[in-house]
>>> print(open('run_6.cif').read())   # mmCIF, C-alpha atoms (C1' of nucleotides)
data_structure
loop_
_atom_site.label_atom_id
_atom_site.label_comp_id
_atom_site.auth_asym_id
_atom_site.auth_seq_id
_atom_site.Cartn_x
_atom_site.Cartn_y
_atom_site.Cartn_z
CA MET A 548 -1.43 89.44 93.96
CA GLU A 549 2.35 89.12 94.13
CA LYS A 550 3.03 92.80 94.70
CA THR A 551 6.58 94.02 94.39
CA PRO A 552 8.55 95.24 97.42
CA SER A 553 8.56 98.73 95.99
CA CYS A 554 4.79 98.68 95.74
CA ARG A 555 4.43 97.55 99.34
CA VAL A 556 6.85 100.14 100.60
CA GLU A 557 4.96 102.82 98.74
CA THR A 558 1.65 101.73 100.18
CA ALA A 559 3.05 101.74 103.69
CA LEU A 560 4.60 105.15 103.18
CA GLU A 561 1.37 106.56 101.84
CA ILE A 562 -0.28 105.65 105.09
CA LEU A 563 2.48 107.22 107.16
CA THR A 564 3.04 110.41 105.24
CA GLY A 565 1.14 113.58 105.13
CA LYS A 566 2.36 116.62 106.91
CA TRP A 567 0.75 115.76 110.23
CA LYS A 568 0.33 112.02 110.39
CA PRO A 569 3.57 111.17 112.16
CA SER A 570 2.85 113.71 114.88
CA ILE A 571 -0.72 112.51 115.26
CA LEU A 572 0.39 108.90 115.51
CA LEU A 573 3.07 109.71 118.06
CA GLU A 574 0.52 111.63 120.11
CA LEU A 575 -1.79 108.65 120.12
CA ILE A 576 1.05 106.27 120.91
CA THR A 577 2.13 108.26 123.94
CA HIS A 578 -1.30 109.33 125.20
CA ASP A 579 -3.42 106.36 124.24
CA THR A 580 -6.70 108.24 123.87
CA LEU A 581 -7.18 111.89 123.01
CA ARG A 582 -10.12 114.10 122.25
CA PHE A 583 -10.15 116.12 119.08
CA SER A 584 -9.49 119.31 121.03
CA GLU A 585 -6.61 117.73 122.93
CA LEU A 586 -4.93 116.66 119.72
CA LYS A 587 -5.39 120.14 118.37
CA ARG A 588 -3.89 121.67 121.49
CA ASN A 589 -0.87 119.38 121.31
CA LEU A 590 -0.23 120.12 117.64
CA PRO A 591 -0.04 123.89 117.85
CA ASN A 592 0.19 124.74 114.16
CA ILE A 593 -2.33 122.37 112.68
CA THR A 594 -5.59 123.73 111.34
CA GLN A 595 -8.88 122.14 112.19
CA LYS A 596 -9.35 121.15 108.57
CA MET A 597 -6.04 119.34 108.36
CA LEU A 598 -6.52 117.59 111.67
CA THR A 599 -9.91 116.32 110.57
CA ALA A 600 -8.62 115.29 107.16
CA GLN A 601 -5.61 113.39 108.44
CA LEU A 602 -7.63 111.66 111.12
CA ARG A 603 -10.20 110.60 108.54
CA GLU A 604 -7.51 109.09 106.35
CA LEU A 605 -6.01 107.22 109.27
CA GLU A 606 -9.48 106.02 110.20
CA LEU A 607 -10.11 104.83 106.65
CA ASN A 608 -6.92 102.82 106.81
CA ASP A 609 -8.05 101.29 110.07
CA ILE A 610 -5.15 102.84 111.96
CA VAL A 611 -7.15 104.98 114.36
CA HIS A 612 -10.50 104.46 116.00
CA ARG A 613 -13.01 107.27 116.34
CA GLU A 614 -15.38 107.07 119.26
CA ILE A 615 -18.29 109.49 119.29
CA TYR A 616 -20.23 110.28 122.45
CA GLN A 617 -23.69 111.67 121.80
CA VAL A 618 -23.51 114.61 124.14
CA VAL A 619 -23.51 118.36 123.86
CA PRO A 620 -21.03 119.83 123.39
CA PRO A 621 -19.75 116.93 121.31
CA ARG A 622 -17.08 114.60 122.62
CA VAL A 623 -15.05 112.56 120.17
CA GLU A 624 -12.13 110.43 121.22
CA TYR A 625 -9.36 109.07 119.03
CA SER A 626 -7.12 106.11 119.73
CA LEU A 627 -4.98 103.62 117.84
CA THR A 628 -6.68 100.44 116.73
CA ASP A 629 -4.95 97.16 117.50
CA TYR A 630 -3.98 97.10 113.87
CA GLY A 631 -2.67 100.64 114.13
CA LYS A 632 -0.43 99.55 116.96
CA THR A 633 1.44 97.26 114.57
CA LEU A 634 2.89 100.47 113.16
CA ILE A 635 4.74 101.21 116.38
CA PRO A 636 7.85 99.13 115.56
CA VAL A 637 7.98 100.71 112.13
CA LEU A 638 7.85 104.19 113.60
CA ASN A 639 10.53 103.18 116.06
CA ALA A 640 12.80 102.05 113.24
CA ILE A 641 12.21 105.29 111.38
CA ASN A 642 12.79 107.33 114.49
CA ALA A 643 16.03 105.50 115.25
CA TRP A 644 17.31 106.17 111.76
CA GLY A 645 16.28 109.80 112.12
CA GLU A 646 18.50 110.03 115.18
CA LYS A 647 21.44 108.53 113.35
CA HIS A 648 20.79 110.96 110.55
CA ALA A 649 20.98 113.96 112.86
CA GLU A 650 24.41 112.78 114.02
CA HIS A 651 25.50 112.15 110.46
CA LEU A 652 24.58 115.72 109.57
CA VAL A 653 26.68 117.30 112.30
CA GLN A 654 29.63 115.21 111.17
CA LYS A 655 29.28 116.37 107.60
CA GLU A 656 29.10 119.98 108.79
CA ARG A 657 32.19 119.50 110.91
CA LEU A 658 34.08 118.31 107.85
CA GLN A 659 32.93 121.31 105.88
CA THR A 660 33.72 123.95 108.50
CA VAL A 661 37.28 122.69 108.93
CA THR A 662 38.48 124.31 105.72
CA PRO A 663 38.15 128.13 106.22
CA THR A 664 40.73 129.03 108.93
CA LEU A 665 42.91 126.80 111.10
CA SER A 666 40.65 127.23 114.13
CA SER A 667 39.28 125.31 117.13
CA SER A 668 39.73 121.65 116.12
CA THR A 669 42.11 119.90 118.52
CA SER A 670 42.95 116.34 117.49
CA ASP A 671 44.59 116.79 114.08
CA SER A 672 47.85 115.08 113.25
CA PHE A 673 49.71 118.13 111.95
CA MET B 423 19.32 120.10 119.97
CA GLU B 424 17.03 117.63 121.70
CA LYS B 425 14.75 117.08 118.74
CA THR B 426 11.41 115.46 119.34
CA PRO B 427 10.63 111.96 118.04
CA SER B 428 8.05 113.43 115.72
CA CYS B 429 10.63 115.75 114.23
CA ARG B 430 13.11 112.92 113.66
CA VAL B 431 10.45 110.74 112.08
CA GLU B 432 9.49 113.57 109.77
CA THR B 433 13.07 114.16 108.72
CA ALA B 434 13.57 110.50 107.96
CA LEU B 435 10.34 110.33 106.01
CA GLU B 436 11.27 113.39 103.98
CA ILE B 437 14.33 111.54 102.79
CA LEU B 438 12.36 108.42 101.92
CA THR B 439 9.36 109.96 100.26
CA GLY B 440 8.87 111.39 96.88
CA LYS B 441 7.04 109.50 94.27
CA TRP B 442 10.04 107.53 93.04
CA LYS B 443 12.53 107.35 95.85
CA PRO B 444 11.46 104.00 97.28
CA SER B 445 11.68 102.36 93.88
CA ILE B 446 15.04 103.91 93.16
CA LEU B 447 16.41 102.82 96.52
CA LEU B 448 15.14 99.29 96.08
CA GLU B 449 16.70 99.13 92.64
CA LEU B 450 20.04 100.18 94.07
CA ILE B 451 19.72 97.76 96.96
CA THR B 452 19.10 94.81 94.70
CA HIS B 453 21.44 95.76 91.85
CA ASP B 454 24.24 97.49 93.73
CA THR B 455 25.32 99.75 90.88
CA LEU B 456 23.23 101.04 88.00
CA ARG B 457 23.72 103.46 85.18
CA PHE B 458 21.25 106.25 84.68
CA SER B 459 19.80 104.53 81.65
CA GLU B 460 19.45 101.23 83.48
CA LEU B 461 17.53 102.89 86.28
CA LYS B 462 15.31 104.52 83.73
CA ARG B 463 14.69 101.23 81.99
CA ASN B 464 13.79 99.53 85.25
CA LEU B 465 11.37 102.26 86.29
CA PRO B 466 9.17 102.29 83.22
CA ASN B 467 6.99 105.29 83.98
CA ILE B 468 9.49 107.71 85.36
CA THR B 469 10.45 110.75 83.32
CA GLN B 470 14.03 111.75 82.88
CA LYS B 471 13.39 114.92 84.78
CA MET B 472 12.01 113.13 87.81
CA LEU B 473 14.74 110.52 87.82
CA THR B 474 17.40 113.20 87.78
CA ALA B 475 15.65 115.24 90.44
CA GLN B 476 15.13 112.38 92.85
CA LEU B 477 18.67 111.12 92.39
CA ARG B 478 20.00 114.61 93.10
CA GLU B 479 18.04 114.80 96.31
CA LEU B 480 19.27 111.41 97.41
CA GLU B 481 22.80 112.46 96.55
CA LEU B 482 22.42 115.66 98.57
CA ASN B 483 21.37 113.60 101.56
CA ASP B 484 24.41 111.41 101.11
CA ILE B 485 22.28 108.35 100.39
CA VAL B 486 23.49 107.63 96.87
CA HIS B 487 26.84 108.10 95.22
CA ARG B 488 27.18 109.42 91.70
CA GLU B 489 30.22 108.31 89.76
CA ILE B 490 30.90 110.08 86.48
CA TYR B 491 33.15 108.58 83.83
CA GLN B 492 34.55 111.11 81.41
CA VAL B 493 33.72 109.30 78.22
CA VAL B 494 31.45 109.82 75.26
CA PRO B 495 28.67 108.97 75.29
CA PRO B 496 28.55 109.79 78.99
CA ARG B 497 28.53 107.04 81.58
CA VAL B 498 27.21 107.80 85.05
CA GLU B 499 26.79 105.14 87.69
CA TYR B 500 24.70 105.32 90.81
CA SER B 501 25.09 103.27 93.96
CA LEU B 502 24.20 103.46 97.64
CA THR B 503 26.74 105.08 99.93
CA ASP B 504 27.71 103.22 103.09
CA TYR B 505 25.51 105.65 104.90
CA GLY B 506 22.68 105.01 102.48
CA LYS B 507 22.93 101.34 103.30
CA THR B 508 21.89 102.07 106.87
CA LEU B 509 18.45 102.68 105.39
CA ILE B 510 18.08 99.05 104.38
CA PRO B 511 16.73 97.82 107.73
CA VAL B 512 14.28 100.69 107.77
CA LEU B 513 13.03 99.83 104.31
CA ASN B 514 12.77 96.22 105.37
CA ALA B 515 10.61 97.17 108.32
CA ILE B 516 8.40 99.28 106.10
CA ASN B 517 8.17 96.55 103.50
CA ALA B 518 7.26 93.97 106.12
CA TRP B 519 4.47 96.16 107.41
CA GLY B 520 3.30 96.74 103.85
CA GLU B 521 2.95 92.99 103.44
CA LYS B 522 0.89 92.72 106.60
CA HIS B 523 -1.21 95.58 105.38
CA ALA B 524 -2.04 93.84 102.13
CA GLU B 525 -3.30 90.84 104.10
CA HIS B 526 -5.25 93.09 106.43
CA LEU B 527 -6.97 94.67 103.44
CA VAL B 528 -8.20 91.39 101.98
CA GLN B 529 -9.59 90.46 105.38
CA LYS B 530 -11.52 93.72 105.62
CA GLU B 531 -12.91 93.18 102.12
CA ARG B 532 -13.97 89.68 103.02
CA LEU B 533 -15.92 91.09 105.97
CA GLN B 534 -17.58 93.69 103.79
CA THR B 535 -18.69 91.39 100.96
CA VAL B 536 -20.53 89.20 103.44
CA THR B 537 -23.40 91.68 103.86
CA PRO B 538 -25.21 92.04 100.48
CA THR B 539 -26.84 88.62 99.92
CA LEU B 540 -26.50 85.50 102.06
CA SER B 541 -23.79 84.12 99.80
CA SER B 542 -20.49 82.23 100.03
CA SER B 543 -19.43 82.71 103.67
CA THR B 544 -19.60 79.43 105.58
CA SER B 545 -18.77 79.81 109.28
CA ASP B 546 -21.43 82.18 110.59
CA SER B 547 -23.49 81.34 113.67
CA PHE B 548 -26.90 82.32 112.34
"C1'" DT C 841 -32.34 136.02 125.14
"C1'" DG C 842 -27.70 135.52 124.39
"C1'" DG C 843 -23.13 133.51 125.10
"C1'" DT C 844 -20.16 129.28 125.38
"C1'" DA C 845 -17.96 125.00 124.16
"C1'" DT C 846 -16.99 121.16 120.87
"C1'" DA C 847 -16.23 119.08 116.61
"C1'" DG C 848 -16.65 119.66 112.82
"C1'" DT C 849 -17.83 121.71 107.02
"C1'" DA C 850 -17.41 124.80 103.17
"C1'" DT C 851 -15.00 127.89 100.30
"C1'" DC C 852 -11.22 129.92 98.41
"C1'" DC C 853 -6.34 130.48 97.58
"C1'" DT C 854 -1.22 129.42 97.26
"C1'" DA C 855 2.69 126.67 96.71
"C1'" DA C 856 4.85 122.62 95.70
"C1'" DA C 857 5.11 118.19 93.32
"C1'" DC C 858 4.80 116.04 89.27
"C1'" DG C 859 4.44 115.26 84.13
"C1'" DA C 860 5.02 116.14 78.94
"C1'" DT C 861 7.79 117.76 75.73
"C1'" DA C 862 11.58 119.84 73.49
"C1'" DC C 863 16.26 120.85 73.45
"C1'" DC C 864 21.56 120.25 74.15
"C1'" DA C 865 26.69 118.65 74.13
"C1'" DT C 866 29.97 115.28 72.98
"C1'" DG C 867 32.79 112.14 70.14
"C1'" DA C 868 32.80 107.84 67.71
"C1'" DA C 869 31.26 105.19 63.87
"C1'" DG C 870 29.48 105.01 59.07
"C1'" DC D 358 28.67 115.20 56.96
"C1'" DT D 359 25.31 112.70 59.36
"C1'" DT D 360 23.69 109.79 62.74
"C1'" DC D 361 23.57 107.72 67.24
"C1'" DA D 362 23.79 107.05 72.24
"C1'" DT D 363 23.96 108.98 76.87
"C1'" DG D 364 22.79 111.89 80.49
"C1'" DG D 365 21.26 115.40 81.16
"C1'" DT D 366 18.38 120.97 81.19
"C1'" DA D 367 14.67 124.15 80.30
"C1'" DT D 368 10.04 125.40 79.90
"C1'" DC D 369 5.44 124.94 80.51
"C1'" DG D 370 1.10 123.11 82.27
"C1'" DT D 371 -1.63 120.31 85.52
"C1'" DT D 372 -2.69 118.19 89.83
"C1'" DT D 373 -2.42 117.74 94.59
"C1'" DA D 374 -1.37 119.16 99.34
"C1'" DG D 375 -1.91 122.32 102.48
"C1'" DG D 376 -3.46 126.83 104.75
"C1'" DA D 377 -6.72 130.81 106.08
"C1'" DT D 378 -10.96 131.96 107.17
"C1'" DA D 379 -15.76 131.79 107.87
"C1'" DC D 380 -19.64 129.19 108.99
"C1'" DT D 381 -22.68 125.47 111.48
"C1'" DA D 382 -25.51 122.48 115.04
"C1'" DT D 383 -26.58 121.56 119.66
"C1'" DA D 384 -27.70 121.98 124.50
"C1'" DC D 385 -26.56 124.03 128.62
"C1'" DC D 386 -25.87 128.02 131.62
"C1'" DA D 387 -26.49 132.77 133.06
#
>>> encode(input="run_6.cif", output="structure tokens")
Amino acid sequence: MEKTPSCRVETALEILTGKWKPSILLELITHDTLRFSELKRNLPNITQKMLTAQLRELELNDIVHREIYQVVPPRVEYSLTDYGKTLIPVLNAINAWGEKHAEHLVQKERLQTVTPTLSSSTSDSF
Amino acid sequence: MEKTPSCRVETALEILTGKWKPSILLELITHDTLRFSELKRNLPNITQKMLTAQLRELELNDIVHREIYQVVPPRVEYSLTDYGKTLIPVLNAINAWGEKHAEHLVQKERLQTVTPTLSSSTSDSF
DNA sequence: TGGTATAGTATCCTAAACGATACCATGAAG
DNA sequence: CTTCATGGTATCGTTTAGGATACTATACCA
């Protein structure tokens, strides 16, 4: 009880991180429900092992729901739980900052590539 | 150009993750400016190596500023850059979700500890 | 009888993150 | 001449994350 902010942030980040979790979550946000094979198709470089592992962790944290249909060949569908959907604003905030960061990077590069020769740049005061 | 949301989220998370970065950032948010030794004191289990490494990464990403005073013994002060301060709302969002998550966990545990014997729980319909 | 599709496991290996420990340079104070 | 404080590096070992690959069960379909 009475956890510190740093502890809470770390817990939240643990749930969000892992090489594939953001992509998986964004897939499920935009597609609502996806079969295992559909997720795999949409995440071209993931291995089956990693996809299973990351989904299991998300399931353990009650972020995604796993629905098994007893048919052959197997059909398993993944979707966000209601609780998982509370992550959407967080991911939006992170995504928005990521956008700002991309802009910030090009500005830093612009500053660095000014030095070498007196080239392209137009709006300089001398 | 035209990065995907998943890519931006991953970039942002790369900057935020690392075993000690959240704690370091929160220290700098709440204390404004801290010397190396003060950071180390406030993060009891961090090693010098890790503190240096994580600070260097944050510096590289333009999140923290490193001010060196040429005195002996050395004095080095760390603080958030203006750009680094744009992370504060993001960390707040993550922290808020982390709080919700802690509550969610105790509720799940309450549901699980109902099963074993017919103990404590009061409001069940049979 | 054999191939196909799905949703996985199991095993092994590599690379990266992290941790423990020891060492270093400097100048002031004693 | 020694000691102390600060803010580091350097080196080594362990632990964890992730990747490659092979294998499996099942029922249907040809």
>>> atom_distance(input="run_6.cif", atom1="CA of Pro552 in chain A", atom2="CA of Leu482 in chain B")
24.7 Å
>>> interface_residues(input="run_6.cif", of="chain A", to="chain C", cutoff="7 Å", atoms="all atoms listed in the file", output="list in words")
Pro620, Pro621 and Arg622 of chain A
>>> residues_around(input="run_6.cif", residues="Lys441 in chain B", least_positions_apart="4", cutoff="12 Å", atoms="only C-alpha atoms (C1' of nucleotides)", output="number ranges by chain")
A: 553-554, 556-558, 560-561, 564; B: 436-437, 445-447, 465, 467-469, 472-473, 475-477; C: 857-859
>>> write_last_selection(input="run_6.cif", atoms="C-alpha atoms (C1' of nucleotides)", output="PDB file, keeping the file's coordinate frame")
ATOM      1  CA  SER A 553       8.560  98.730  95.990  1.00  0.00           C
ATOM      2  CA  CYS A 554       4.790  98.680  95.740  1.00  0.00           C
ATOM      3  CA  VAL A 556       6.850 100.140 100.600  1.00  0.00           C
ATOM      4  CA  GLU A 557       4.960 102.820  98.740  1.00  0.00           C
ATOM      5  CA  THR A 558       1.650 101.730 100.180  1.00  0.00           C
ATOM      6  CA  LEU A 560       4.600 105.150 103.180  1.00  0.00           C
ATOM      7  CA  GLU A 561       1.370 106.560 101.840  1.00  0.00           C
ATOM      8  CA  THR A 564       3.040 110.410 105.240  1.00  0.00           C
TER       9      THR A 564
ATOM     10  CA  GLU B 436      11.270 113.390 103.980  1.00  0.00           C
ATOM     11  CA  ILE B 437      14.330 111.540 102.790  1.00  0.00           C
ATOM     12  CA  SER B 445      11.680 102.360  93.880  1.00  0.00           C
ATOM     13  CA  ILE B 446      15.040 103.910  93.160  1.00  0.00           C
ATOM     14  CA  LEU B 447      16.410 102.820  96.520  1.00  0.00           C
ATOM     15  CA  LEU B 465      11.370 102.260  86.290  1.00  0.00           C
ATOM     16  CA  ASN B 467       6.990 105.290  83.980  1.00  0.00           C
ATOM     17  CA  ILE B 468       9.490 107.710  85.360  1.00  0.00           C
ATOM     18  CA  THR B 469      10.450 110.750  83.320  1.00  0.00           C
ATOM     19  CA  MET B 472      12.010 113.130  87.810  1.00  0.00           C
ATOM     20  CA  LEU B 473      14.740 110.520  87.820  1.00  0.00           C
ATOM     21  CA  ALA B 475      15.650 115.240  90.440  1.00  0.00           C
ATOM     22  CA  GLN B 476      15.130 112.380  92.850  1.00  0.00           C
ATOM     23  CA  LEU B 477      18.670 111.120  92.390  1.00  0.00           C
TER      24      LEU B 477
ATOM     25  C1'  DA C 857       5.110 118.190  93.320  1.00  0.00           C
ATOM     26  C1'  DC C 858       4.800 116.040  89.270  1.00  0.00           C
ATOM     27  C1'  DG C 859       4.440 115.260  84.130  1.00  0.00           C
TER      28       DG C 859
END
>>> closest_residue(input="run_6.cif", among="B:Trp442, B:Tyr505, B:Tyr500, B:Phe458", to="chain D", atoms="all atoms listed in the file")
B:Phe458
>>> calpha_fit_and_write(input="run_6.cif", fixed="chain A", moving="chain B", output="mmCIF file with C-alpha atoms, in the frame of the given file")
data_model
loop_
_atom_site.group_PDB
_atom_site.id
_atom_site.type_symbol
_atom_site.label_atom_id
_atom_site.label_comp_id
_atom_site.auth_asym_id
_atom_site.auth_seq_id
_atom_site.Cartn_x
_atom_site.Cartn_y
_atom_site.Cartn_z
ATOM 1 C CA MET B 423 -0.918 89.541 93.581
ATOM 2 C CA GLU B 424 2.820 89.193 94.077
ATOM 3 C CA LYS B 425 3.467 92.859 94.711
ATOM 4 C CA THR B 426 7.007 94.108 94.491
ATOM 5 C CA PRO B 427 8.896 95.300 97.583
ATOM 6 C CA SER B 428 8.944 98.793 96.170
ATOM 7 C CA CYS B 429 5.184 98.766 95.827
ATOM 8 C CA ARG B 430 4.684 97.578 99.408
ATOM 9 C CA VAL B 431 7.088 100.180 100.739
ATOM 10 C CA GLU B 432 5.240 102.872 98.841
ATOM 11 C CA THR B 433 1.889 101.764 100.186
ATOM 12 C CA ALA B 434 3.179 101.775 103.730
ATOM 13 C CA LEU B 435 4.744 105.184 103.287
ATOM 14 C CA GLU B 436 1.534 106.599 101.858
ATOM 15 C CA ILE B 437 -0.183 105.680 105.084
ATOM 16 C CA LEU B 438 2.543 107.225 107.217
ATOM 17 C CA THR B 439 3.143 110.420 105.331
ATOM 18 C CA GLY B 440 1.248 113.598 105.190
ATOM 19 C CA LYS B 441 2.450 116.602 106.996
ATOM 20 C CA TRP B 442 0.823 115.739 110.313
ATOM 21 C CA LYS B 443 0.355 112.011 110.430
ATOM 22 C CA PRO B 444 3.561 111.141 112.267
ATOM 23 C CA SER B 445 2.809 113.658 114.987
ATOM 24 C CA ILE B 446 -0.760 112.490 115.319
ATOM 25 C CA LEU B 447 0.309 108.861 115.539
ATOM 26 C CA LEU B 448 2.942 109.622 118.139
ATOM 27 C CA GLU B 449 0.407 111.548 120.179
ATOM 28 C CA LEU B 450 -1.939 108.582 120.123
ATOM 29 C CA ILE B 451 0.860 106.175 120.946
ATOM 30 C CA THR B 452 1.918 108.113 123.998
ATOM 31 C CA HIS B 453 -1.521 109.214 125.208
ATOM 32 C CA ASP B 454 -3.651 106.246 124.198
ATOM 33 C CA THR B 455 -6.893 108.177 123.802
ATOM 34 C CA LEU B 456 -7.344 111.836 122.945
ATOM 35 C CA ARG B 457 -10.235 114.090 122.166
ATOM 36 C CA PHE B 458 -10.188 116.147 119.019
ATOM 37 C CA SER B 459 -9.534 119.296 120.993
ATOM 38 C CA GLU B 460 -6.699 117.696 122.932
ATOM 39 C CA LEU B 461 -4.997 116.634 119.729
ATOM 40 C CA LYS B 462 -5.394 120.126 118.413
ATOM 41 C CA ARG B 463 -3.926 121.607 121.557
ATOM 42 C CA ASN B 464 -0.937 119.289 121.406
ATOM 43 C CA LEU B 465 -0.222 120.049 117.759
ATOM 44 C CA PRO B 466 0.006 123.813 117.981
ATOM 45 C CA ASN B 467 0.280 124.691 114.309
ATOM 46 C CA ILE B 468 -2.226 122.365 112.786
ATOM 47 C CA THR B 469 -5.451 123.769 111.390
ATOM 48 C CA GLN B 470 -8.758 122.198 112.166
ATOM 49 C CA LYS B 471 -9.186 121.287 108.553
ATOM 50 C CA MET B 472 -5.904 119.420 108.368
ATOM 51 C CA LEU B 473 -6.450 117.634 111.651
ATOM 52 C CA THR B 474 -9.831 116.406 110.502
ATOM 53 C CA ALA B 475 -8.518 115.396 107.102
ATOM 54 C CA GLN B 476 -5.545 113.456 108.389
ATOM 55 C CA LEU B 477 -7.609 111.720 111.046
ATOM 56 C CA ARG B 478 -10.145 110.700 108.404
ATOM 57 C CA GLU B 479 -7.440 109.192 106.262
ATOM 58 C CA LEU B 480 -6.010 107.290 109.186
ATOM 59 C CA GLU B 481 -9.491 106.095 110.056
ATOM 60 C CA LEU B 482 -10.070 104.941 106.478
ATOM 61 C CA ASN B 483 -6.896 102.897 106.667
ATOM 62 C CA ASP B 484 -8.093 101.351 109.895
ATOM 63 C CA ILE B 485 -5.218 102.869 111.858
ATOM 64 C CA VAL B 486 -7.233 105.008 114.254
ATOM 65 C CA HIS B 487 -10.615 104.511 115.829
ATOM 66 C CA ARG B 488 -13.108 107.325 116.167
ATOM 67 C CA GLU B 489 -15.539 107.098 119.045
ATOM 68 C CA ILE B 490 -18.415 109.564 119.056
ATOM 69 C CA TYR B 491 -20.376 110.331 122.203
ATOM 70 C CA GLN B 492 -23.807 111.753 121.551
ATOM 71 C CA VAL B 493 -23.620 114.675 123.911
ATOM 72 C CA VAL B 494 -23.560 118.432 123.654
ATOM 73 C CA PRO B 495 -21.088 119.902 123.229
ATOM 74 C CA PRO B 496 -19.833 117.009 121.123
ATOM 75 C CA ARG B 497 -17.201 114.648 122.454
ATOM 76 C CA VAL B 498 -15.151 112.616 119.998
ATOM 77 C CA GLU B 499 -12.258 110.448 121.074
ATOM 78 C CA TYR B 500 -9.493 109.086 118.921
ATOM 79 C CA SER B 501 -7.291 106.098 119.625
ATOM 80 C CA LEU B 502 -5.150 103.599 117.742
ATOM 81 C CA THR B 503 -6.855 100.432 116.567
ATOM 82 C CA ASP B 504 -5.169 97.125 117.344
ATOM 83 C CA TYR B 505 -4.114 97.102 113.751
ATOM 84 C CA GLY B 506 -2.787 100.628 114.037
ATOM 85 C CA LYS B 507 -0.623 99.484 116.902
ATOM 86 C CA THR B 508 1.286 97.209 114.548
ATOM 87 C CA LEU B 509 2.784 100.421 113.194
ATOM 88 C CA ILE B 510 4.575 101.132 116.453
ATOM 89 C CA PRO B 511 7.672 99.036 115.694
ATOM 90 C CA VAL B 512 7.897 100.646 112.288
ATOM 91 C CA LEU B 513 7.753 104.112 113.783
ATOM 92 C CA ASN B 514 10.357 103.065 116.303
ATOM 93 C CA ALA B 515 12.681 101.951 113.541
ATOM 94 C CA ILE B 516 12.160 105.211 111.706
ATOM 95 C CA ASN B 517 12.670 107.227 114.858
ATOM 96 C CA ALA B 518 15.863 105.360 115.676
ATOM 97 C CA TRP B 519 17.246 106.075 112.237
ATOM 98 C CA GLY B 520 16.222 109.709 112.598
ATOM 99 C CA GLU B 521 18.325 109.905 115.744
ATOM 100 C CA LYS B 522 21.329 108.452 113.964
ATOM 101 C CA HIS B 523 20.759 110.897 111.176
ATOM 102 C CA ALA B 524 20.882 113.875 113.499
ATOM 103 C CA GLU B 525 24.270 112.701 114.766
ATOM 104 C CA HIS B 526 25.470 112.094 111.233
ATOM 105 C CA LEU B 527 24.548 115.660 110.324
ATOM 106 C CA VAL B 528 26.572 117.257 113.109
ATOM 107 C CA GLN B 529 29.556 115.170 112.064
ATOM 108 C CA LYS B 530 29.284 116.357 108.468
ATOM 109 C CA GLU B 531 29.050 119.965 109.654
ATOM 110 C CA ARG B 532 32.099 119.510 111.818
ATOM 111 C CA LEU B 533 34.024 118.319 108.756
ATOM 112 C CA GLN B 534 32.860 121.279 106.719
ATOM 113 C CA THR B 535 33.670 124.020 109.241
ATOM 114 C CA VAL B 536 37.259 122.829 109.408
ATOM 115 C CA THR B 537 38.163 124.329 106.017
ATOM 116 C CA PRO B 538 37.797 128.156 106.237
ATOM 117 C CA THR B 539 40.576 129.228 108.643
ATOM 118 C CA LEU B 540 42.953 127.000 110.596
ATOM 119 C CA SER B 541 40.767 127.198 113.684
ATOM 120 C CA SER B 542 39.518 124.975 116.514
ATOM 121 C CA SER B 543 40.082 121.434 115.193
ATOM 122 C CA THR B 544 42.812 119.668 117.158
ATOM 123 C CA SER B 545 43.622 116.199 115.805
ATOM 124 C CA ASP B 546 44.823 116.840 112.262
ATOM 125 C CA SER B 547 48.101 115.402 110.989
ATOM 126 C CA PHE B 548 49.443 118.508 109.282
#
>>> residues_around(input="run_6.cif", residues="Ser501 in chain B", least_positions_apart="3", cutoff="8 Å", atoms="only C-alpha atoms (C1' of nucleotides)", output="list of chain:residue names")
B:Leu450, B:Asp454, B:Thr455, B:Leu456, B:Val486, B:His487, B:Arg488
>>> interface_residues(input="run_6.cif", of="chain D", to="chain B", cutoff="10 Å", atoms="all atoms listed in the file", output="list in words")
DC361, DA362, DT363, DG364, DG365 and DT366 of chain D
>>> interface_residues(input="run_6.cif", of="chain B", to="chain A", cutoff="6 Å", atoms="all atoms listed in the file", output="compact mmCIF listing (two decimals) with C-alpha atoms, keeping the file's coordinate frame")
# COMPACT_ATOMS: atom_id res chain seq x y z
CA SER B 428 8.05 113.43 115.72
CA ARG B 430 13.11 112.92 113.66
CA VAL B 431 10.45 110.74 112.08
CA ALA B 434 13.57 110.50 107.96
CA SER B 445 11.68 102.36 93.88
CA VAL B 512 14.28 100.69 107.77
CA ALA B 515 10.61 97.17 108.32
CA ILE B 516 8.40 99.28 106.10
CA ASN B 517 8.17 96.55 103.50
CA GLY B 520 3.30 96.74 103.85
>>> atom_distance(input="run_6.cif", atom1="CA of Thr660 in chain A", atom2="CA of Gly506 in chain B")
22.7 Å
>>> atom_distance(input="run_6.cif", atom1="CA of Val528 in chain B", atom2="CA of Ile615 in chain A")
27.0 Å
>>> decode(input="run_6.cif", residues="range 369-380 of chain D", atoms="C-alpha atoms (C1' of nucleotides)", output="tab-separated table (two decimals), in the first residue's frame")
chain	number	residue	atom	x	y	z
D	369	DC	C1'	33.95	-9.31	-15.76
D	370	DG	C1'	30.04	-12.34	-14.89
D	371	DT	C1'	25.06	-13.35	-14.76
D	372	DT	C1'	20.37	-12.99	-16.18
D	373	DT	C1'	16.87	-12.02	-19.32
D	374	DA	C1'	14.84	-11.08	-23.86
D	375	DG	C1'	14.44	-12.47	-28.11
D	376	DG	C1'	15.12	-15.41	-32.45
D	377	DA	C1'	15.51	-19.79	-35.41
D	378	DT	C1'	13.96	-23.99	-36.09
D	379	DA	C1'	11.65	-28.22	-35.51
D	380	DC	C1'	7.86	-30.60	-33.76
